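S.K.: Sending over final03.pdb (PDB, C-alpha atoms and all ligand atoms).
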```pdb
ATOM      1  CA  MET A   1     -38.848  23.965 -44.742
ATOM      2  CA  THR A   2     -36.223  25.736 -46.834
ATOM      3  CA  PRO A   3     -34.770  24.074 -49.979
ATOM      4  CA  GLN A   4     -31.512  23.618 -48.019
ATOM      5  CA  ASP A   5     -33.356  21.838 -45.202
ATOM      6  CA  PHE A   6     -35.102  19.556 -47.702
ATOM      7  CA  ASP A   7     -31.772  18.755 -49.386
ATOM      8  CA  TYR A   8     -30.262  17.908 -46.001
ATOM      9  CA  LEU A   9     -33.163  15.534 -45.284
ATOM     10  CA  ARG A  10     -32.894  13.865 -48.699
ATOM     11  CA  GLN A  11     -29.168  13.323 -48.257
ATOM     12  CA  MET A  12     -29.628  11.935 -44.747
ATOM     13  CA  LEU A  13     -32.329   9.492 -45.860
ATOM     14  CA  ARG A  14     -30.220   8.299 -48.759
ATOM     15  CA  GLU A  15     -27.233   7.640 -46.531
ATOM     16  CA  ARG A  16     -29.148   6.041 -43.670
ATOM     17  CA  SER A  17     -31.684   3.882 -45.489
ATOM     18  CA  GLY A  18     -31.026   3.977 -49.234
ATOM     19  CA  LEU A  19     -34.344   5.768 -49.700
ATOM     20  CA  MET A  20     -34.312   8.185 -52.644
ATOM     21  CA  LEU A  21     -36.707  11.047 -52.127
ATOM     22  CA  SER A  22     -37.302  12.957 -55.338
ATOM     23  CA  ALA A  23     -37.422  16.762 -55.325
ATOM     24  CA  GLU A  24     -41.194  16.823 -55.850
ATOM     25  CA  LYS A  25     -41.822  14.707 -52.722
ATOM     26  CA  GLN A  26     -41.457  17.601 -50.283
ATOM     27  CA  TYR A  27     -45.177  17.333 -49.468
ATOM     28  CA  LEU A  28     -44.607  13.709 -48.410
ATOM     29  CA  ALA A  29     -41.752  14.666 -46.111
ATOM     30  CA  GLU A  30     -43.907  17.397 -44.598
ATOM     31  CA  SER A  31     -46.936  15.199 -43.943
ATOM     32  CA  ARG A  32     -44.857  12.364 -42.448
ATOM     33  CA  LEU A  33     -42.453  14.451 -40.405
ATOM     34  CA  LEU A  34     -44.777  17.007 -38.814
ATOM     35  CA  PRO A  35     -46.074  14.408 -36.306
ATOM     36  CA  VAL A  36     -42.426  13.545 -35.442
ATOM     37  CA  ALA A  37     -41.641  17.242 -34.893
ATOM     38  CA  ARG A  38     -44.710  17.629 -32.652
ATOM     39  CA  ARG A  39     -43.744  14.584 -30.564
ATOM     40  CA  HIS A  40     -40.441  16.320 -29.824
ATOM     41  CA  ASP A  41     -42.004  19.734 -29.109
ATOM     42  CA  LEU A  42     -40.474  21.187 -32.256
ATOM     43  CA  LYS A  43     -42.736  23.810 -33.845
ATOM     44  CA  THR A  44     -41.689  23.587 -37.482
ATOM     45  CA  LEU A  45     -39.909  21.217 -39.844
ATOM     46  CA  GLY A  46     -37.095  23.756 -39.954
ATOM     47  CA  ASP A  47     -36.697  23.211 -36.198
ATOM     48  CA  LEU A  48     -36.699  19.435 -36.773
ATOM     49  CA  VAL A  49     -33.942  19.674 -39.390
ATOM     50  CA  ALA A  50     -31.953  21.976 -37.091
ATOM     51  CA  ALA A  51     -32.211  19.328 -34.337
ATOM     52  CA  LEU A  52     -31.024  16.652 -36.788
ATOM     53  CA  ARG A  53     -28.095  18.798 -37.892
ATOM     54  CA  ALA A  54     -27.128  19.442 -34.270
ATOM     55  CA  LYS A  55     -27.128  15.740 -33.287
ATOM     56  CA  PRO A  56     -26.804  13.548 -36.385
ATOM     57  CA  ALA A  57     -26.386  10.403 -34.254
ATOM     58  CA  ALA A  58     -29.407  10.954 -31.990
ATOM     59  CA  PRO A  59     -32.370   8.502 -31.850
ATOM     60  CA  LEU A  60     -34.374  11.275 -33.569
ATOM     61  CA  VAL A  61     -32.538  10.390 -36.793
ATOM     62  CA  SER A  62     -33.871   6.809 -36.712
ATOM     63  CA  GLU A  63     -37.341   8.128 -35.939
ATOM     64  CA  VAL A  64     -37.207  10.412 -38.984
ATOM     65  CA  VAL A  65     -35.893   7.621 -41.229
ATOM     66  CA  GLU A  66     -38.586   5.201 -40.028
ATOM     67  CA  ALA A  67     -41.290   7.831 -40.513
ATOM     68  CA  MET A  68     -40.190   8.264 -44.120
ATOM     69  CA  THR A  69     -40.283   4.556 -45.034
ATOM     70  CA  THR A  70     -43.333   3.099 -46.735
ATOM     71  CA  ASN A  71     -44.587   0.100 -44.766
ATOM     72  CA  GLU A  72     -47.468  -0.882 -47.045
ATOM     73  CA  THR A  73     -47.937  -4.666 -47.069
ATOM     74  CA  PHE A  74     -50.669  -7.271 -46.892
ATOM     75  CA  PHE A  75     -51.186 -11.003 -46.598
ATOM     76  CA  PHE A  76     -50.312 -13.076 -49.725
ATOM     77  CA  ARG A  77     -49.505  -9.818 -51.533
ATOM     78  CA  ASP A  78     -49.604 -10.232 -55.340
ATOM     79  CA  LYS A  79     -50.549 -13.951 -55.015
ATOM     80  CA  VAL A  80     -48.084 -15.079 -57.749
ATOM     81  CA  PRO A  81     -44.979 -15.204 -55.470
ATOM     82  CA  PHE A  82     -46.898 -17.460 -53.089
ATOM     83  CA  GLU A  83     -47.927 -19.714 -55.987
ATOM     84  CA  HIS A  84     -44.226 -19.946 -56.901
ATOM     85  CA  PHE A  85     -43.513 -20.742 -53.256
ATOM     86  CA  ARG A  86     -46.013 -23.618 -53.133
ATOM     87  CA  GLN A  87     -45.640 -24.989 -56.641
ATOM     88  CA  THR A  88     -42.004 -24.375 -57.617
ATOM     89  CA  ILE A  89     -39.735 -23.271 -54.784
ATOM     90  CA  MET A  90     -40.738 -25.587 -51.937
ATOM     91  CA  PRO A  91     -41.061 -28.764 -54.061
ATOM     92  CA  ALA A  92     -37.559 -28.063 -55.485
ATOM     93  CA  LEU A  93     -36.051 -27.343 -52.058
ATOM     94  CA  ILE A  94     -37.719 -30.357 -50.437
ATOM     95  CA  GLU A  95     -36.083 -32.538 -53.077
ATOM     96  CA  LYS A  96     -32.686 -30.820 -52.946
ATOM     97  CA  ARG A  97     -32.514 -30.727 -49.144
ATOM     98  CA  ALA A  98     -33.879 -34.263 -48.603
ATOM     99  CA  ARG A  99     -30.700 -35.296 -46.821
ATOM    100  CA  GLU A 100     -30.115 -32.367 -44.446
ATOM    101  CA  LYS A 101     -33.854 -31.693 -44.055
ATOM    102  CA  ARG A 102     -33.245 -28.049 -43.399
ATOM    103  CA  ILE A 103     -34.423 -24.977 -45.320
ATOM    104  CA  ARG A 104     -33.722 -21.342 -44.462
ATOM    105  CA  ILE A 105     -35.946 -18.493 -45.670
ATOM    106  CA  TRP A 106     -35.310 -14.755 -45.334
ATOM    107  CA  CYS A 107     -37.925 -12.003 -45.671
ATOM    108  CA  ALA A 108     -35.612  -9.044 -46.103
ATOM    109  CA  ALA A 109     -38.113  -6.175 -45.664
ATOM    110  CA  ALA A 110     -40.866  -7.750 -43.641
ATOM    111  CA  ALA A 111     -42.670  -4.582 -42.473
ATOM    112  CA  THR A 112     -45.567  -5.487 -40.138
ATOM    113  CA  GLY A 113     -45.164  -9.227 -40.727
ATOM    114  CA  GLN A 114     -47.876 -10.152 -43.210
ATOM    115  CA  GLU A 115     -45.319 -11.522 -45.704
ATOM    116  CA  PRO A 116     -43.410 -13.897 -43.363
ATOM    117  CA  TYR A 117     -46.653 -14.986 -41.684
ATOM    118  CA  SER A 118     -48.145 -15.717 -45.126
ATOM    119  CA  LEU A 119     -45.153 -17.982 -45.790
ATOM    120  CA  ALA A 120     -45.564 -19.645 -42.387
ATOM    121  CA  MET A 121     -49.274 -20.319 -43.019
ATOM    122  CA  ALA A 122     -48.505 -21.586 -46.529
ATOM    123  CA  LEU A 123     -45.972 -24.015 -45.023
ATOM    124  CA  ARG A 124     -48.508 -25.261 -42.502
ATOM    125  CA  GLU A 125     -51.023 -25.822 -45.293
ATOM    126  CA  MET A 126     -48.382 -27.606 -47.376
ATOM    127  CA  ALA A 127     -47.711 -30.032 -44.542
ATOM    128  CA  VAL A 128     -51.177 -31.439 -45.245
ATOM    129  CA  THR A 129     -50.864 -31.735 -49.022
ATOM    130  CA  GLN A 130     -47.111 -32.461 -49.256
ATOM    131  CA  PRO A 131     -46.219 -34.964 -46.539
ATOM    132  CA  ALA A 132     -42.576 -34.940 -47.742
ATOM    133  CA  ILE A 133     -42.176 -31.713 -45.786
ATOM    134  CA  ALA A 134     -42.667 -33.604 -42.521
ATOM    135  CA  GLY A 135     -39.569 -33.546 -40.366
ATOM    136  CA  PHE A 136     -37.968 -30.620 -42.187
ATOM    137  CA  ARG A 137     -36.590 -27.900 -40.020
ATOM    138  CA  ILE A 138     -37.559 -24.601 -41.643
ATOM    139  CA  ASP A 139     -36.278 -21.239 -40.414
ATOM    140  CA  ILE A 140     -38.055 -18.054 -41.447
ATOM    141  CA  VAL A 141     -35.979 -14.988 -40.583
ATOM    142  CA  ALA A 142     -37.851 -11.701 -41.072
ATOM    143  CA  THR A 143     -35.952  -8.407 -40.912
ATOM    144  CA  ASP A 144     -36.722  -4.738 -41.374
ATOM    145  CA  LEU A 145     -35.047  -1.408 -40.837
ATOM    146  CA  SER A 146     -37.880  -0.248 -38.618
ATOM    147  CA  GLY A 147     -38.114  -1.504 -35.051
ATOM    148  CA  GLU A 148     -41.610  -0.050 -34.842
ATOM    149  CA  VAL A 149     -43.081  -2.181 -37.634
ATOM    150  CA  LEU A 150     -41.319  -5.250 -36.235
ATOM    151  CA  GLU A 151     -42.977  -4.624 -32.872
ATOM    152  CA  ARG A 152     -46.328  -4.750 -34.636
ATOM    153  CA  ALA A 153     -45.261  -7.939 -36.396
ATOM    154  CA  ARG A 154     -44.234  -9.408 -33.051
ATOM    155  CA  SER A 155     -47.666  -8.723 -31.570
ATOM    156  CA  GLY A 156     -49.274 -10.516 -34.528
ATOM    157  CA  ILE A 157     -52.339  -8.295 -34.123
ATOM    158  CA  TYR A 158     -54.077  -7.030 -37.252
ATOM    159  CA  SER A 159     -57.141  -4.863 -37.825
ATOM    160  CA  GLN A 160     -60.273  -6.064 -39.580
ATOM    161  CA  PHE A 161     -59.140  -4.075 -42.632
ATOM    162  CA  GLU A 162     -55.720  -5.747 -42.645
ATOM    163  CA  VAL A 163     -57.077  -9.284 -42.442
ATOM    164  CA  GLN A 164     -59.522  -8.533 -45.234
ATOM    165  CA  ARG A 165     -56.666  -7.723 -47.617
ATOM    166  CA  GLY A 166     -55.464 -10.893 -49.334
ATOM    167  CA  LEU A 167     -56.090 -13.373 -46.535
ATOM    168  CA  PRO A 168     -58.473 -16.217 -47.507
ATOM    169  CA  ILE A 169     -61.326 -16.471 -45.002
ATOM    170  CA  GLN A 170     -60.565 -20.117 -44.211
ATOM    171  CA  LEU A 171     -57.004 -19.174 -43.189
ATOM    172  CA  LEU A 172     -58.350 -16.312 -41.076
ATOM    173  CA  LEU A 173     -60.659 -18.691 -39.233
ATOM    174  CA  LYS A 174     -58.005 -21.381 -38.914
ATOM    175  CA  TYR A 175     -54.995 -19.336 -37.786
ATOM    176  CA  PHE A 176     -56.380 -16.178 -36.106
ATOM    177  CA  LYS A 177     -58.283 -15.441 -32.937
ATOM    178  CA  GLN A 178     -60.567 -12.434 -32.672
ATOM    179  CA  THR A 179     -59.624 -10.034 -29.857
ATOM    180  CA  GLY A 180     -62.104  -7.151 -29.689
ATOM    181  CA  ASP A 181     -62.057  -5.341 -33.043
ATOM    182  CA  ALA A 182     -58.786  -6.976 -34.086
ATOM    183  CA  TRP A 183     -57.399 -10.406 -34.918
ATOM    184  CA  GLN A 184     -54.289 -12.072 -33.518
ATOM    185  CA  ILE A 185     -52.379 -14.685 -35.459
ATOM    186  CA  ALA A 186     -51.843 -17.977 -33.606
ATOM    187  CA  ALA A 187     -48.804 -18.250 -31.359
ATOM    188  CA  ASP A 188     -47.517 -21.324 -33.204
ATOM    189  CA  ILE A 189     -47.491 -19.400 -36.509
ATOM    190  CA  ARG A 190     -45.731 -16.479 -34.796
ATOM    191  CA  SER A 191     -43.161 -18.873 -33.348
ATOM    192  CA  MET A 192     -42.202 -19.978 -36.872
ATOM    193  CA  VAL A 193     -40.825 -16.488 -37.632
ATOM    194  CA  GLN A 194     -37.690 -14.921 -36.111
ATOM    195  CA  LEU A 195     -37.941 -11.112 -36.239
ATOM    196  CA  ARG A 196     -34.829  -8.942 -36.251
ATOM    197  CA  THR A 197     -33.962  -5.317 -36.989
ATOM    198  CA  LEU A 198     -31.659  -5.036 -39.993
ATOM    199  CA  ASN A 199     -30.726  -2.273 -42.403
ATOM    200  CA  LEU A 200     -30.068  -3.687 -45.877
ATOM    201  CA  LEU A 201     -27.305  -1.117 -46.330
ATOM    202  CA  ASN A 202     -25.364  -2.842 -43.544
ATOM    203  CA  ASP A 203     -23.516  -6.161 -43.554
ATOM    204  CA  PHE A 204     -26.033  -8.990 -43.354
ATOM    205  CA  SER A 205     -23.583 -11.880 -43.606
ATOM    206  CA  PRO A 206     -24.005 -12.678 -39.855
ATOM    207  CA  LEU A 207     -27.538 -13.877 -40.687
ATOM    208  CA  GLY A 208     -26.006 -16.858 -42.464
ATOM    209  CA  THR A 209     -27.023 -18.417 -45.770
ATOM    210  CA  PHE A 210     -30.554 -18.722 -47.148
ATOM    211  CA  ASP A 211     -32.148 -21.114 -49.610
ATOM    212  CA  LEU A 212     -34.867 -18.571 -50.371
ATOM    213  CA  VAL A 213     -34.893 -14.787 -50.072
ATOM    214  CA  PHE A 214     -38.057 -12.718 -50.370
ATOM    215  CA  CYS A 215     -36.859  -9.127 -50.948
ATOM    216  CA  ARG A 216     -39.989  -7.417 -52.163
ATOM    217  CA  ASN A 217     -41.050  -3.822 -52.567
ATOM    218  CA  VAL A 218     -38.068  -2.250 -50.874
ATOM    219  CA  LEU A 219     -35.404  -1.968 -53.583
ATOM    220  CA  ILE A 220     -37.793   0.153 -55.679
ATOM    221  CA  TYR A 221     -37.003   2.987 -53.277
ATOM    222  CA  PHE A 222     -33.226   2.691 -53.788
ATOM    223  CA  GLU A 223     -30.962   4.114 -56.488
ATOM    224  CA  GLN A 224     -29.249   1.726 -58.898
ATOM    225  CA  PRO A 225     -25.815   1.326 -57.261
ATOM    226  CA  THR A 226     -27.509   0.550 -53.931
ATOM    227  CA  LYS A 227     -29.785  -2.060 -55.551
ATOM    228  CA  ILE A 228     -26.810  -3.677 -57.272
ATOM    229  CA  GLY A 229     -24.852  -3.812 -54.008
ATOM    230  CA  VAL A 230     -27.769  -5.451 -52.179
ATOM    231  CA  PHE A 231     -28.328  -8.032 -54.968
ATOM    232  CA  ASN A 232     -24.655  -8.964 -55.029
ATOM    233  CA  ARG A 233     -24.492  -9.342 -51.270
ATOM    234  CA  ILE A 234     -27.688 -11.449 -51.228
ATOM    235  CA  ALA A 235     -26.121 -13.721 -53.866
ATOM    236  CA  LYS A 236     -23.181 -14.314 -51.533
ATOM    237  CA  GLN A 237     -25.569 -15.529 -48.821
ATOM    238  CA  MET A 238     -27.176 -18.106 -51.059
ATOM    239  CA  PRO A 239     -26.285 -21.555 -52.393
ATOM    240  CA  GLN A 240     -26.289 -21.953 -56.164
ATOM    241  CA  ASP A 241     -29.626 -23.759 -56.104
ATOM    242  CA  GLY A 242     -31.415 -21.095 -54.043
ATOM    243  CA  PHE A 243     -34.175 -18.697 -55.083
ATOM    244  CA  LEU A 244     -34.768 -14.950 -54.920
ATOM    245  CA  VAL A 245     -38.258 -13.440 -55.081
ATOM    246  CA  LEU A 246     -38.689  -9.745 -55.939
ATOM    247  CA  GLY A 247     -41.695  -7.424 -56.023
ATOM    248  CA  ALA A 248     -43.823  -6.899 -59.126
ATOM    249  CA  ALA A 249     -42.021  -3.641 -60.040
ATOM    250  CA  GLU A 250     -38.500  -4.961 -59.384
ATOM    251  CA  THR A 251     -35.980  -6.916 -61.442
ATOM    252  CA  VAL A 252     -32.290  -7.845 -61.566
ATOM    253  CA  VAL A 253     -32.255  -7.494 -65.348
ATOM    254  CA  GLY A 254     -29.797  -4.828 -66.456
ATOM    255  CA  LEU A 255     -28.439  -4.448 -62.922
ATOM    256  CA  THR A 256     -26.469  -7.566 -62.021
ATOM    257  CA  ASP A 257     -25.590 -10.947 -63.461
ATOM    258  CA  ALA A 258     -25.513 -12.515 -59.973
ATOM    259  CA  PHE A 259     -29.109 -13.705 -60.624
ATOM    260  CA  LYS A 260     -31.090 -14.709 -63.683
ATOM    261  CA  PRO A 261     -34.868 -14.814 -64.132
ATOM    262  CA  VAL A 262     -36.438 -18.278 -63.844
ATOM    263  CA  PRO A 263     -38.209 -18.756 -67.206
ATOM    264  CA  ASP A 264     -42.005 -18.334 -67.126
ATOM    265  CA  LYS A 265     -41.992 -17.546 -63.375
ATOM    266  CA  ARG A 266     -42.594 -13.831 -62.987
ATOM    267  CA  GLY A 267     -40.655 -12.290 -60.088
ATOM    268  CA  LEU A 268     -38.594 -15.443 -59.443
ATOM    269  CA  TYR A 269     -34.795 -15.459 -59.847
ATOM    270  CA  ALA A 270     -32.009 -17.999 -59.421
ATOM    271  CA  PRO A 271     -28.325 -17.381 -58.690
ATOM    272  CA  THR A 272     -26.058 -17.692 -61.715
ATOM    273  CA  ARG A 273     -23.121 -20.088 -61.616
ATOM    274  CA  ARG A 274     -20.206 -18.684 -59.632
ATOM    275  CA  ARG A 275     -16.564 -19.443 -60.120
ATOM    276  CA  GLY A 276     -15.451 -18.021 -56.779
ATOM    277  CA  PRO A 277     -15.586 -19.654 -53.352
ATOM    278  CA  ALA A 278     -18.825 -21.102 -52.038
ATOM    279  CA  PRO A 279     -20.907 -18.885 -49.750
ATOM    280  CA  THR A 280     -19.967 -18.889 -46.090
ATOM    281  CA  ALA A 281     -21.461 -21.575 -43.895
ATOM    282  CA  ILE A 282     -24.580 -20.920 -41.850
ATOM    283  CA  SER A 283     -23.774 -18.922 -38.741
ATOM    284  CA  LEU A 284     -27.124 -19.093 -37.049
ATOM    285  CA  ASP A 285     -27.681 -17.405 -33.729
ATOM    286  CA  SER A 286     -27.787 -20.402 -31.420
ATOM    287  CA  ARG A 287     -30.575 -18.796 -29.367
ATOM    288  CA  ALA A 288     -32.891 -18.382 -32.362
ATOM    289  CA  PRO A 289     -36.040 -20.490 -32.473
ATOM    290  CA  SER A 290     -36.743 -22.715 -35.445
ATOM    291  CA  THR A 291     -39.660 -24.736 -36.588
ATOM    292  CA  SER A 292     -40.280 -28.310 -37.383
ATOM    293  CA  ILE A 293     -43.106 -28.290 -39.873
ATOM    294  CA  ALA A 294     -44.146 -31.749 -38.804
ATOM    295  CA  THR A 295     -44.982 -30.712 -35.267
ATOM    296  CA  GLY A 296     -44.729 -26.939 -35.070
ATOM    297  CA  ASN A 297     -42.516 -27.350 -31.992
ATOM    298  CA  SER A 298     -39.261 -25.493 -31.548
ATOM    299  CA  LYS A 299     -36.108 -27.587 -31.847
ATOM    300  CA  LYS A 300     -32.526 -26.856 -30.944
ATOM    301  CA  PRO A 301     -30.474 -25.495 -33.876
ATOM    302  CA  ARG A 302     -28.001 -27.855 -35.483
ATOM    303  CA  PRO A 303     -24.573 -27.448 -33.899
TER     304      PRO A 303
HETATM  305  C1  LIG B 401     -43.333  -1.487 -48.768
HETATM  306  S1  LIG B 401     -42.703  -2.398 -47.407
HETATM  307  C2  LIG B 401     -42.588  -3.998 -48.131
HETATM  308  C3  LIG B 401     -43.132  -5.079 -47.234
HETATM  309  C4  LIG B 401     -43.201  -6.466 -47.861
HETATM  310  N1  LIG B 401     -41.911  -6.933 -48.295
HETATM  311  C5  LIG B 401     -44.171  -6.489 -49.010
HETATM  312  O1  LIG B 401     -43.754  -6.564 -50.153
HETATM  313  O2  LIG B 401     -45.369  -6.431 -48.759
HETATM  314  C6  LIG B 401     -41.018  -1.839 -47.406
HETATM  315  C7  LIG B 401     -40.288  -2.095 -46.086
HETATM  316  O3  LIG B 401     -38.894  -1.884 -46.313
HETATM  317  C8  LIG B 401     -38.339  -1.357 -45.132
HETATM  318  N2  LIG B 401     -37.064  -0.714 -45.480
HETATM  319  C9  LIG B 401     -36.841   0.474 -46.092
HETATM  320  N3  LIG B 401     -35.553   0.722 -46.205
HETATM  321  C10 LIG B 401     -34.895  -0.339 -45.670
HETATM  322  C11 LIG B 401     -33.531  -0.683 -45.484
HETATM  323  N4  LIG B 401     -32.550   0.134 -45.888
HETATM  324  N5  LIG B 401     -33.242  -1.851 -44.886
HETATM  325  C12 LIG B 401     -34.224  -2.685 -44.474
HETATM  326  N6  LIG B 401     -35.528  -2.420 -44.614
HETATM  327  C13 LIG B 401     -35.862  -1.261 -45.208
HETATM  328  C14 LIG B 401     -39.383  -0.404 -44.608
HETATM  329  O4  LIG B 401     -39.231  -0.156 -43.210
HETATM  330  C15 LIG B 401     -40.671  -1.140 -44.963
HETATM  331  O5  LIG B 401     -41.183  -1.848 -43.862
END
```
Can the structure in the file be given as structure tokens, please?
M.R.:
Amino acid sequence: MTPQDFDYLRQMLRERSGLMLSAEKQYLAESRLLPVARRHDLKTLGDLVAALRAKPAAPLVSEVVEAMTTNETFFFRDKVPFEHFRQTIMPALIEKRAREKRIRIWCAAAATGQEPYSLAMALREMAVTQPAIAGFRIDIVATDLSGEVLERARSGIYSQFEVQRGLPIQLLLKYFKQTGDAWQIAADIRSMVQLRTLNLLNDFSPLGTFDLVFCRNVLIYFEQPTKIGVFNRIAKQMPQDGFLVLGAAETVVGLTDAFKPVPDKRGLYAPTRRRGPAPTAISLDSRAPSTSIATGNSKKPRP
């Protein structure tokens, strides 16, 4: 690949996904894109870039972008955010939403689904220890740029290696079924999560408002103005008493005053007081499933 081809790729990735590929990452582009080139009968990466230049709107572009994203994830990743979820976030939301009995959660870069399914399992476990959650309608919306990883999430099938990373054995035995060499997460846990393709660079206001947003280990790949834009748009989709959870290497500090860190809760942020208009009302897709934690059955969305 010539330096010009690599520059073209870097620019395309930045525009399409926010991903910043540094100059020394050419080896990464080569190892991830050669299989894409081969699938399309293109002999070299130069040929691949020529095909991209010729048809910048072709499905090949999405394939290249998806191949360049890092989809690393695992169940209950980093533990601490899930402790915040059980001990701080959910008790606060259960109290604050006692009247409407509805909570909306968004996993904004869900990859192969381990993060939203960890939240769903944690909610099921909480129903035993925190009976106040009974009768709440809780939506978990999980989105990602990549349709391919979401397909894997939809299947709910994980390898032995994947279920050994972060998932407590008792939850494996309780919520998964072994199918050959792999494990499939129970249908009722899968039904708690709505999966949708979404690029964080695009408008996400049609998703509605969220009481809790998990946006972890994706903004690290973006440059500062892109991060700031995403934070500010997330803040608009959140009530003032909502929560934002970021990855261990991410922060809002020095980037935006739309959120402030919650003291002594690493990775947890709260919206700052706004003077402007309240966020737009929930505009939930009326076909989307939702979950009653009390029963695990789907209910009709509120009109
Ligand atoms: C490293 S994974 C993080 C998964 C999970 N949140 C976690 O922390 O374990 C990053 C995910 O972000 C997705 N991604 C990258 N750029 C994106 C964008 N512009 N919009 C939405 N998702 C994006 C990738 O497809 C990938 O699945």
S.K.: Residues at most 8 Å from ligand LIG 401 (chain B), using all atoms listed in the file? Could they come as an mmCIF file with C-alpha atoms, in the coordinates of the input?
M.R.:
```
data_model
loop_
_atom_site.group_PDB
_atom_site.id
_atom_site.type_symbol
_atom_site.label_atom_id
_atom_site.label_comp_id
_atom_site.auth_asym_id
_atom_site.auth_seq_id
_atom_site.Cartn_x
_atom_site.Cartn_y
_atom_site.Cartn_z
ATOM 1 C CA ARG A 16 -29.148 6.041 -43.670
ATOM 2 C CA SER A 17 -31.684 3.882 -45.489
ATOM 3 C CA GLY A 18 -31.026 3.977 -49.234
ATOM 4 C CA LEU A 19 -34.344 5.768 -49.700
ATOM 5 C CA GLU A 66 -38.586 5.201 -40.028
ATOM 6 C CA THR A 69 -40.283 4.556 -45.034
ATOM 7 C CA THR A 70 -43.333 3.099 -46.735
ATOM 8 C CA ASN A 71 -44.587 0.100 -44.766
ATOM 9 C CA GLU A 72 -47.468 -0.882 -47.045
ATOM 10 C CA THR A 73 -47.937 -4.666 -47.069
ATOM 11 C CA PHE A 74 -50.669 -7.271 -46.892
ATOM 12 C CA PHE A 75 -51.186 -11.003 -46.598
ATOM 13 C CA ARG A 77 -49.505 -9.818 -51.533
ATOM 14 C CA CYS A 107 -37.925 -12.003 -45.671
ATOM 15 C CA ALA A 108 -35.612 -9.044 -46.103
ATOM 16 C CA ALA A 109 -38.113 -6.175 -45.664
ATOM 17 C CA ALA A 110 -40.866 -7.750 -43.641
ATOM 18 C CA ALA A 111 -42.670 -4.582 -42.473
ATOM 19 C CA THR A 112 -45.567 -5.487 -40.138
ATOM 20 C CA GLY A 113 -45.164 -9.227 -40.727
ATOM 21 C CA GLN A 114 -47.876 -10.152 -43.210
ATOM 22 C CA GLU A 115 -45.319 -11.522 -45.704
ATOM 23 C CA THR A 143 -35.952 -8.407 -40.912
ATOM 24 C CA ASP A 144 -36.722 -4.738 -41.374
ATOM 25 C CA LEU A 145 -35.047 -1.408 -40.837
ATOM 26 C CA SER A 146 -37.880 -0.248 -38.618
ATOM 27 C CA VAL A 149 -43.081 -2.181 -37.634
ATOM 28 C CA THR A 197 -33.962 -5.317 -36.989
ATOM 29 C CA LEU A 198 -31.659 -5.036 -39.993
ATOM 30 C CA ASN A 199 -30.726 -2.273 -42.403
ATOM 31 C CA LEU A 200 -30.068 -3.687 -45.877
ATOM 32 C CA LEU A 201 -27.305 -1.117 -46.330
ATOM 33 C CA PHE A 214 -38.057 -12.718 -50.370
ATOM 34 C CA CYS A 215 -36.859 -9.127 -50.948
ATOM 35 C CA ARG A 216 -39.989 -7.417 -52.163
ATOM 36 C CA ASN A 217 -41.050 -3.822 -52.567
ATOM 37 C CA VAL A 218 -38.068 -2.250 -50.874
ATOM 38 C CA LEU A 219 -35.404 -1.968 -53.583
ATOM 39 C CA TYR A 221 -37.003 2.987 -53.277
ATOM 40 C CA GLY A 247 -41.695 -7.424 -56.023
#
```
S.K.: Report as a ChimeraX atom specification the full result of the PyMOL selection byres (((chain A and resi 46) around 12) and not hetatm) when it is applied to this structure.
M.R.: /A:1-9,29-30,33-34,37,42-45,47-53
S.K.: Report, as lines of an AutoDock Vina configuration file, the centre and edge lengths in Å (one decimal) of the axis-aligned box enclosing every listed atom of range 244-252 of chain A, padded by 5 Å on each side.
M.R.:
```
center_x = -38.1
center_y = -9.3
center_z = -58.2
size_x = 21.5
size_y = 21.3
size_z = 16.6
```
S.K.: Skipping near chain neighbours, those fewer than 3 positions away, what residues fall within 7 Å of Gly267 in chain A using all atoms listed in the file, listed as a list of chain:residue names?
M.R.: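 Listed by chain and then number, they are A:Pro81, A:Val245, A:Leu246, A:Gly247, A:Ala248.
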S.K.: Take the residues from that selection and put them in a file with C-alpha atoms, as a short mmCIF file (atom, residue, chain, number, x, y, z; two decimals), in the frame of the given file.
M.R.:
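Listed below is the output, again35.cif:
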```cif
data_model
loop_
_atom_site.label_atom_id
_atom_site.label_comp_id
_atom_site.auth_asym_id
_atom_site.auth_seq_id
_atom_site.Cartn_x
_atom_site.Cartn_y
_atom_site.Cartn_z
CA PRO A 81 -44.98 -15.20 -55.47
CA VAL A 245 -38.26 -13.44 -55.08
CA LEU A 246 -38.69 -9.74 -55.94
CA GLY A 247 -41.70 -7.42 -56.02
CA ALA A 248 -43.82 -6.90 -59.13
#
```
S.K.: Got a sec: who's within 12 Å of Arg97 in chain A, counting only C-alpha atoms, leaving out chain neighbours fewer than 5 positions off, as a PyMOL selection string?
M.R.: chain A and resi 89-92+102-104+132-133+135-138+211+239+241-242
S.K.: Write out as a list in words which residues come within 7 Å of Arg32 in chain A when counting all atoms listed in the file, dropping same-chain ones fewer than 4 positions away.
M.R.: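 Neighbouring residues, sequence-local ones excluded: Leu28, Ala67 and Met68 of chain A.
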S.K.: With the PyMOL selection byres (((chain A and resi 193) around 6) and not hetatm) as the selection, what would be picked from this file? Answer as a list of chain:residue names, please.
M.R.: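 Here the PyMOL selection byres (((chain A and resi 193) around 6) and not hetatm) matches A:Ile140, A:Val141, A:Arg190, A:Ser191, A:Met192, A:Gln194.
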S.K.: Can those selected residues be exported to a file as a PDB file, in the coordinates of the input so that it contains C-alpha atoms?
M.R.:
```
ATOM      1  CA  ILE A 140     -38.055 -18.054 -41.447  1.00  0.00           C
ATOM      2  CA  VAL A 141     -35.979 -14.988 -40.583  1.00  0.00           C
ATOM      3  CA  ARG A 190     -45.731 -16.479 -34.796  1.00  0.00           C
ATOM      4  CA  SER A 191     -43.161 -18.873 -33.348  1.00  0.00           C
ATOM      5  CA  MET A 192     -42.202 -19.978 -36.872  1.00  0.00           C
ATOM      6  CA  GLN A 194     -37.690 -14.921 -36.111  1.00  0.00           C
TER       7      GLN A 194
END
```
